[in-house]
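Novice: Just coords_6.txt, nothing more (compact mmCIF, C-alpha atoms):
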```txt
# COMPACT_ATOMS: atom_id res chain seq x y z
CA MET A 1 -22.12 -7.79 -1.96
CA ILE A 2 -20.82 -5.52 -4.69
CA PHE A 3 -22.95 -3.61 -7.14
CA LEU A 4 -21.49 -2.84 -10.52
CA PHE A 5 -22.99 0.13 -12.30
CA VAL A 6 -22.93 0.21 -16.07
CA LEU A 7 -22.73 3.54 -17.83
CA ASP A 8 -24.86 3.49 -20.95
CA PHE A 9 -24.32 6.21 -23.57
CA HIS A 10 -27.27 7.03 -25.81
CA MET A 11 -27.46 9.61 -28.53
CA LYS A 12 -30.64 11.49 -29.49
CA GLY A 13 -31.87 12.34 -32.94
CA ASN A 14 -30.16 11.97 -36.28
CA TYR A 15 -26.44 11.95 -37.02
CA HIS A 16 -25.93 15.72 -36.82
CA GLU A 17 -27.81 15.91 -33.53
CA LYS A 18 -25.77 12.98 -32.22
CA VAL A 19 -22.59 14.95 -32.67
CA LYS A 20 -24.03 18.08 -31.07
CA GLN A 21 -26.17 16.73 -28.22
CA PRO A 22 -24.92 13.65 -26.47
CA PHE A 23 -27.24 12.31 -23.84
CA ILE A 24 -25.90 10.15 -21.07
CA ASN A 25 -28.21 7.65 -19.50
CA PHE A 26 -27.11 5.93 -16.35
CA VAL A 27 -28.41 2.43 -16.06
CA ALA A 28 -27.71 0.75 -12.79
CA THR A 29 -27.28 -2.95 -13.28
CA PRO A 30 -26.63 -4.79 -10.04
CA ILE A 31 -24.33 -7.72 -10.37
CA ILE A 32 -24.14 -9.76 -7.22
CA MET A 33 -20.70 -11.05 -6.35
CA VAL A 34 -19.99 -13.04 -3.29
CA GLN A 35 -16.60 -12.43 -1.76
CA THR A 36 -15.03 -12.27 1.61
CA GLN A 37 -14.31 -8.74 2.64
CA LYS A 38 -10.91 -8.18 4.21
CA SER A 39 -10.12 -5.05 6.09
CA VAL A 40 -6.98 -3.00 5.66
CA THR A 41 -5.71 -4.26 9.01
CA SER A 42 -6.01 -7.87 7.88
CA TYR A 43 -4.00 -7.06 4.73
CA LEU A 44 -1.39 -5.33 6.87
CA GLY A 45 -1.36 -8.34 9.20
CA ASP A 46 -0.77 -10.65 6.26
CA LEU A 47 2.03 -8.38 5.00
CA GLU A 48 3.55 -8.31 8.47
CA LYS A 49 3.54 -12.12 8.68
CA LEU A 50 5.13 -12.39 5.23
CA LEU A 51 7.82 -9.85 6.07
CA GLU A 52 8.48 -11.53 9.41
CA GLU A 53 8.99 -14.82 7.62
CA TYR A 54 11.61 -13.37 5.27
CA LEU A 55 13.23 -10.65 7.39
CA VAL A 56 13.44 -12.51 10.70
CA LYS A 57 13.39 -16.24 10.05
CA LYS A 58 15.19 -16.45 6.70
CA ALA A 59 17.47 -13.39 6.83
CA PRO A 60 20.59 -13.38 8.96
CA ALA A 61 19.88 -12.04 12.44
CA LEU A 62 21.52 -8.99 13.95
CA PRO A 63 23.56 -9.68 17.10
CA ASP A 64 21.60 -9.20 20.32
CA GLY A 65 23.86 -6.37 21.47
CA ILE A 66 23.15 -4.37 18.32
CA LYS A 67 19.41 -5.03 18.63
CA GLU A 68 19.46 -3.86 22.25
CA ALA A 69 21.41 -0.72 21.30
CA ILE A 70 18.94 0.10 18.52
CA VAL A 71 15.98 -0.34 20.87
CA LYS A 72 17.66 1.63 23.66
CA PHE A 73 19.12 4.54 21.67
CA GLY A 74 16.83 4.52 18.60
CA PRO A 75 14.07 6.66 20.16
CA TYR A 76 16.64 9.26 21.24
CA LEU A 77 18.11 9.29 17.74
CA ALA A 78 14.62 9.63 16.24
CA LEU A 79 13.87 12.52 18.60
CA ILE A 80 17.11 14.30 17.70
CA LEU A 81 16.51 13.81 13.98
CA LEU A 82 12.91 15.05 14.25
CA ILE A 83 14.07 18.15 16.12
CA MET A 84 16.83 18.78 13.58
CA ALA A 85 14.45 18.23 10.64
CA LEU A 86 11.73 20.48 12.02
CA PRO A 87 13.32 23.84 11.02
CA VAL A 88 14.23 22.46 7.62
CA VAL A 89 10.70 21.17 7.03
CA LEU A 90 9.09 24.37 8.31
CA GLY A 91 11.45 26.37 6.10
CA ALA A 92 10.57 24.17 3.15
CA PHE A 93 6.87 24.70 3.83
CA GLY A 94 7.33 28.46 4.14
CA LEU A 95 9.55 28.76 1.12
CA GLY A 96 7.46 26.18 -0.68
CA GLY A 97 4.27 28.12 -0.10
CA PHE A 98 5.94 31.15 -1.60
CA LEU A 99 7.61 29.32 -4.50
CA LEU A 100 4.97 26.66 -5.22
CA PRO A 101 3.42 28.53 -8.16
CA VAL A 102 6.90 29.15 -9.58
CA SER A 103 7.82 25.48 -9.17
CA TYR A 104 4.98 24.52 -11.50
CA MET A 105 6.34 26.99 -14.04
CA ALA A 106 9.60 25.01 -13.96
CA GLY A 107 7.59 22.02 -15.06
CA VAL A 108 4.55 20.18 -13.86
CA ARG A 109 6.63 17.20 -12.83
CA PHE A 110 8.88 19.29 -10.58
CA GLY A 111 5.97 21.07 -8.91
CA LEU A 112 3.95 17.89 -8.51
CA ASN A 113 6.94 16.00 -7.06
CA TYR A 114 7.48 18.80 -4.57
CA THR A 115 3.82 18.80 -3.53
CA ILE A 116 3.69 15.02 -3.20
CA SER A 117 6.91 14.99 -1.20
CA MET A 118 5.60 17.57 1.25
CA VAL A 119 2.36 15.64 1.81
CA PHE A 120 4.20 12.38 2.43
CA THR A 121 6.74 14.13 4.66
CA ILE A 122 3.94 15.48 6.85
CA ILE A 123 2.37 12.03 7.16
CA VAL A 124 5.65 10.24 7.95
CA MET A 125 6.79 12.84 10.48
CA ALA A 126 3.38 12.80 12.18
CA LEU A 127 3.46 9.00 12.48
CA GLU A 128 6.98 9.07 13.88
CA LEU A 129 6.12 11.84 16.32
CA ILE A 130 3.05 9.96 17.56
CA ALA A 131 5.10 6.76 17.93
CA LEU A 132 7.95 8.39 19.85
CA PRO A 133 6.58 8.23 23.45
CA GLY A 134 5.68 4.55 23.03
CA LEU A 135 9.10 3.73 21.62
CA PHE A 136 10.66 4.83 24.90
CA LYS A 137 8.24 2.48 26.72
CA ARG A 138 8.78 -0.33 24.18
CA LYS A 139 5.11 -0.63 23.21
CA ILE A 140 4.12 -2.70 20.19
CA GLY A 141 1.63 -0.03 19.09
CA SER A 142 4.49 2.39 18.56
CA TRP A 143 6.41 -0.26 16.66
CA ASN A 144 3.33 -0.61 14.43
CA LEU A 145 3.29 3.15 13.81
CA MET A 146 6.94 3.01 12.74
CA PHE A 147 6.03 0.09 10.46
CA TYR A 148 3.23 2.19 8.93
CA ALA A 149 5.61 5.15 8.53
CA THR A 150 8.03 2.88 6.66
CA LEU A 151 5.22 1.67 4.39
CA VAL A 152 4.08 5.24 3.72
CA GLU A 153 7.65 6.16 2.82
CA ALA A 154 7.75 3.14 0.49
CA VAL A 155 4.60 4.38 -1.26
CA HIS A 156 6.20 7.83 -1.47
CA ASN A 157 9.26 6.37 -3.20
CA LEU A 158 7.05 4.32 -5.50
CA VAL A 159 4.92 7.32 -6.50
CA LEU A 160 8.03 9.38 -7.29
CA PHE A 161 9.71 6.42 -9.06
CA ASN A 162 12.64 6.59 -6.64
CA LEU A 163 13.66 2.97 -7.07
CA GLY A 164 16.86 3.26 -5.02
CA GLY A 165 14.96 4.61 -2.01
CA LEU A 166 12.20 2.10 -2.56
CA ILE A 167 14.41 -0.96 -2.70
CA ILE A 168 17.35 -0.09 -0.46
CA GLY A 169 15.75 2.32 2.01
CA THR A 170 12.53 0.40 2.52
CA LEU A 171 14.22 -2.98 2.71
CA LEU A 172 16.83 -1.76 5.19
CA GLY A 173 14.21 0.03 7.31
CA LEU A 174 11.93 -3.01 7.37
CA TYR A 175 14.84 -5.34 8.14
CA ILE A 176 15.86 -3.31 11.18
CA LEU A 177 12.25 -2.90 12.31
CA PHE A 178 11.53 -6.61 12.14
CA GLN A 179 14.81 -7.54 13.79
CA ILE A 180 13.91 -5.48 16.88
CA LYS A 181 10.19 -6.31 16.95
CA SER A 182 10.62 -8.94 19.66
CA TYR A 183 11.72 -6.20 22.11
CA TYR A 184 8.31 -4.50 21.92
CA LYS A 185 5.33 -5.80 23.87
```
Just give me the structure of the file as C-alpha cells.
Specialist:
Amino acid sequence: MIFLFVLDFHMKGNYHEKVKQPFINFVATPIIMVQTQKSVTSYLGDLEKLLEEYLVKKAPALPDGIKEAIVKFGPYLALILLIMALPVVLGAFGLGGFLLPVSYMAGVRFGLNYTISMVFTIIVMALELIALPGLFKRKIGSWNLMFYATLVEAVHNLVLFNLGGLIIGTLLGLYILFQIKSYYK
C-alpha cells in the first residue's frame, strides 16, 4: 500500500499579504494503490537472468582453457592490483583532503566529479576486497560481490557521463564475469 501526500499551498490575507506571508498547509491525502512489492534482490536476480541470457547463451563463449585461467589466476591478479592501487588511492585521499576545497575553486564540476569518484572508488574497492577470499575458494557469494562491484562501477560511469567506460568497460566486465560464473558454486 502506498500513500501519496499532496502538498497544498494556501496564501493568507489580501494580495500584498500573499506576496509577503506564504502559508504552507500540508494535506495528507491517502491514495491506495495495490502493487506487488519487489525487493532489490529480486530486481538484481531478474537483471542477472537477463544478462545470463545474452552474455552466456547468445554471446560467443570463451574457450574453457581461458575460463579456467581466469578463475585460477584472477583472484591473484585482483589481489596484486588492489595492493598496487592502495598507495595511489591513499595518496589521492590524502592529497584530495588537502586540495578538495581548491578543486571546487577550479569549478564545481571538477570538484564534484572528484568527490563522486572517491566515494565510488571506496565502495568498489571494499566490495572487491570482501570478495577476494571467496574468489580463491570459488564461492558464488564472492562472484555476486564482483557482480555488484561491476554494477556500482557502471553507475559511477553513468553519473559521470563516462559513456566509453559505461559501454565498453561494463560490458566487457560483465561478459567475463558471466562466462566464468559456472565455475563458482
Novice: Neighbours of region 41-48 of chain A within 12 Å (all atoms listed in the file; same-chain residues fewer than 5 positions away dropped), as a count of residues only?
Specialist: 16
Novice: Could you give me, as a PyMOL selection string, the residues within 10 Å of Val124 (chain A), counting only C-alpha atoms and dropping anything in the same chain fewer than 2 positions from it?
Specialist: chain A and resi 118-122+126-130+145-146+148-153+156
Novice: Write the selection just made, keeping C-alpha atoms, as an mmCIF file, in the frame of the given file?
Specialist:
```
data_model
loop_
_atom_site.group_PDB
_atom_site.id
_atom_site.type_symbol
_atom_site.label_atom_id
_atom_site.label_comp_id
_atom_site.auth_asym_id
_atom_site.auth_seq_id
_atom_site.Cartn_x
_atom_site.Cartn_y
_atom_site.Cartn_z
ATOM 1 C CA MET A 118 5.600 17.570 1.250
ATOM 2 C CA VAL A 119 2.360 15.640 1.810
ATOM 3 C CA PHE A 120 4.200 12.380 2.430
ATOM 4 C CA THR A 121 6.740 14.130 4.660
ATOM 5 C CA ILE A 122 3.940 15.480 6.850
ATOM 6 C CA ALA A 126 3.380 12.800 12.180
ATOM 7 C CA LEU A 127 3.460 9.000 12.480
ATOM 8 C CA GLU A 128 6.980 9.070 13.880
ATOM 9 C CA LEU A 129 6.120 11.840 16.320
ATOM 10 C CA ILE A 130 3.050 9.960 17.560
ATOM 11 C CA LEU A 145 3.290 3.150 13.810
ATOM 12 C CA MET A 146 6.940 3.010 12.740
ATOM 13 C CA TYR A 148 3.230 2.190 8.930
ATOM 14 C CA ALA A 149 5.610 5.150 8.530
ATOM 15 C CA THR A 150 8.030 2.880 6.660
ATOM 16 C CA LEU A 151 5.220 1.670 4.390
ATOM 17 C CA VAL A 152 4.080 5.240 3.720
ATOM 18 C CA GLU A 153 7.650 6.160 2.820
ATOM 19 C CA HIS A 156 6.200 7.830 -1.470
#
```
Novice: One decimal, in Å: what's the spacing between CA of Tyr183 (chain A) and CA of Lys139 (chain A)?
Specialist: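 A separation of 8.7 Å between them.
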Novice: Box in all listed atoms of region 37-53 of chain A, axis-aligned, with 6 Å more on each side; write out centre and edge lengths in Å to one decimal as lines of an AutoDock Vina configuration file.
Specialist:
```
center_x = -2.7
center_y = -8.9
center_z = 6.0
size_x = 35.3
size_y = 23.8
size_z = 18.8
```
Novice: Would you please work out which residue, of A:Pro75, A:Gly96, A:Leu166, A:Gly173, is nearest to Ser142 (chain A) when using all atoms listed in the file?
Specialist: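 Of A:Pro75, A:Gly96, A:Leu166, A:Gly173, the one nearest Ser142 (chain A) is A:Pro75, counting all atoms listed in the file.
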Novice: Measuring atom to atom with all atoms listed in the file, identify which of A:Leu135, A:Ile140, A:Ala154, A:Leu90 is nearest to Ile70 (chain A).
Specialist: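 Between A:Leu135, A:Ile140, A:Ala154, A:Leu90, the residue approaching Ile70 (chain A) most closely is A:Leu135.
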Novice: Find the residue from A:Gly141, A:Ile123, A:Phe110, A:Ala131 that sits nearest to Tyr184 (chain A); use all atoms listed in the file when measuring.
Specialist: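 Smallest distance to Tyr184 (chain A) is found for A:Gly141.
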Novice: What separation in Å, quoted to one decimal, exists between CA of Lys58 (chain A) and CA of Arg138 (chain A)?
Specialist: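 For CA of Lys58 (chain A) relative to CA of Arg138 (chain A), the distance reads 24.6 Å.
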Novice: Would you please work out which residue, of A:Thr115, A:Gly91, A:Phe98, A:Leu51, is nearest to Leu171 (chain A) when using only C-alpha atoms?
Specialist: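 Closest to Leu171 (chain A) of all the choices is A:Leu51.
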Novice: Provide the CA of Leu160 (chain A) to CA of Glu52 (chain A) distance in Å, to one decimal place.
Specialist: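 Between CA of Leu160 (chain A) and CA of Glu52 (chain A) the gap is 26.8 Å.
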Novice: Which residue is closest to Ala59 (chain A)? Choose from A:Leu163, A:Leu100, A:Leu172, A:Leu77 and count all atoms listed in the file.
Specialist: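 For Ala59 (chain A), the nearest of the given residues is A:Leu172.
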Novice: Tell me which of A:Tyr114, A:Pro133, A:Ala85, A:Ala78 sits closest to Leu99 (chain A), counting all atoms listed in the file.
Specialist: A:Tyr114
Novice: Could region 132-160 of chain A be completed with N, CA and C atoms and returned as a compact mmCIF listing (two decimals), keeping the file's coordinate frame?
Specialist:
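Just written: part_12.txt:
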```txt
# COMPACT_ATOMS: atom_id res chain seq x y z
N LEU A 132 6.77 8.14 19.02
CA LEU A 132 7.95 8.39 19.85
C LEU A 132 7.76 8.08 21.34
N PRO A 133 6.71 8.55 22.01
CA PRO A 133 6.58 8.23 23.45
C PRO A 133 6.49 6.72 23.72
N GLY A 134 5.80 6.00 22.86
CA GLY A 134 5.68 4.55 23.03
C GLY A 134 6.96 3.80 22.73
N LEU A 135 7.81 4.36 21.90
CA LEU A 135 9.10 3.73 21.62
C LEU A 135 9.98 3.72 22.87
N PHE A 136 9.90 4.79 23.65
CA PHE A 136 10.66 4.83 24.90
C PHE A 136 10.15 3.76 25.88
N LYS A 137 8.85 3.47 25.82
CA LYS A 137 8.24 2.48 26.72
C LYS A 137 8.20 1.08 26.11
N ARG A 138 8.72 0.95 24.90
CA ARG A 138 8.78 -0.33 24.18
C ARG A 138 7.39 -0.95 23.99
N LYS A 139 6.47 -0.16 23.47
CA LYS A 139 5.11 -0.63 23.21
C LYS A 139 4.99 -1.06 21.75
N ILE A 140 4.27 -2.15 21.54
CA ILE A 140 4.12 -2.70 20.19
C ILE A 140 3.31 -1.77 19.29
N GLY A 141 2.41 -0.99 19.88
CA GLY A 141 1.63 -0.03 19.09
C GLY A 141 2.52 1.01 18.43
N SER A 142 3.54 1.43 19.13
CA SER A 142 4.49 2.39 18.56
C SER A 142 5.34 1.73 17.48
N TRP A 143 5.69 0.47 17.70
CA TRP A 143 6.41 -0.26 16.66
C TRP A 143 5.55 -0.32 15.40
N ASN A 144 4.24 -0.57 15.57
CA ASN A 144 3.33 -0.61 14.43
C ASN A 144 3.28 0.73 13.71
N LEU A 145 3.29 1.83 14.46
CA LEU A 145 3.29 3.15 13.81
C LEU A 145 4.56 3.37 13.00
N MET A 146 5.69 2.90 13.51
CA MET A 146 6.94 3.01 12.74
C MET A 146 6.87 2.13 11.49
N PHE A 147 6.24 0.98 11.61
CA PHE A 147 6.03 0.09 10.46
C PHE A 147 5.17 0.80 9.41
N TYR A 148 4.09 1.46 9.85
CA TYR A 148 3.23 2.19 8.93
C TYR A 148 3.99 3.36 8.29
N ALA A 149 4.81 4.04 9.07
CA ALA A 149 5.61 5.15 8.53
C ALA A 149 6.56 4.64 7.44
N THR A 150 7.13 3.47 7.66
CA THR A 150 8.03 2.88 6.66
C THR A 150 7.26 2.52 5.39
N LEU A 151 6.04 2.00 5.55
CA LEU A 151 5.22 1.67 4.39
C LEU A 151 4.79 2.92 3.63
N VAL A 152 4.45 3.98 4.37
CA VAL A 152 4.08 5.24 3.72
C VAL A 152 5.28 5.80 2.94
N GLU A 153 6.45 5.70 3.52
CA GLU A 153 7.65 6.16 2.82
C GLU A 153 7.91 5.30 1.58
N ALA A 154 7.61 4.01 1.66
CA ALA A 154 7.75 3.14 0.49
C ALA A 154 6.80 3.57 -0.63
N VAL A 155 5.57 3.89 -0.26
CA VAL A 155 4.60 4.38 -1.26
C VAL A 155 5.08 5.71 -1.85
N HIS A 156 5.63 6.55 -1.01
CA HIS A 156 6.20 7.83 -1.47
C HIS A 156 7.27 7.59 -2.52
N ASN A 157 8.19 6.69 -2.23
CA ASN A 157 9.26 6.37 -3.20
C ASN A 157 8.70 5.75 -4.47
N LEU A 158 7.67 4.95 -4.34
CA LEU A 158 7.05 4.32 -5.50
C LEU A 158 6.35 5.36 -6.38
N VAL A 159 5.63 6.28 -5.75
CA VAL A 159 4.92 7.32 -6.50
C VAL A 159 5.90 8.21 -7.26
N LEU A 160 7.03 8.51 -6.65
CA LEU A 160 8.03 9.38 -7.29
C LEU A 160 9.02 8.60 -8.16
```
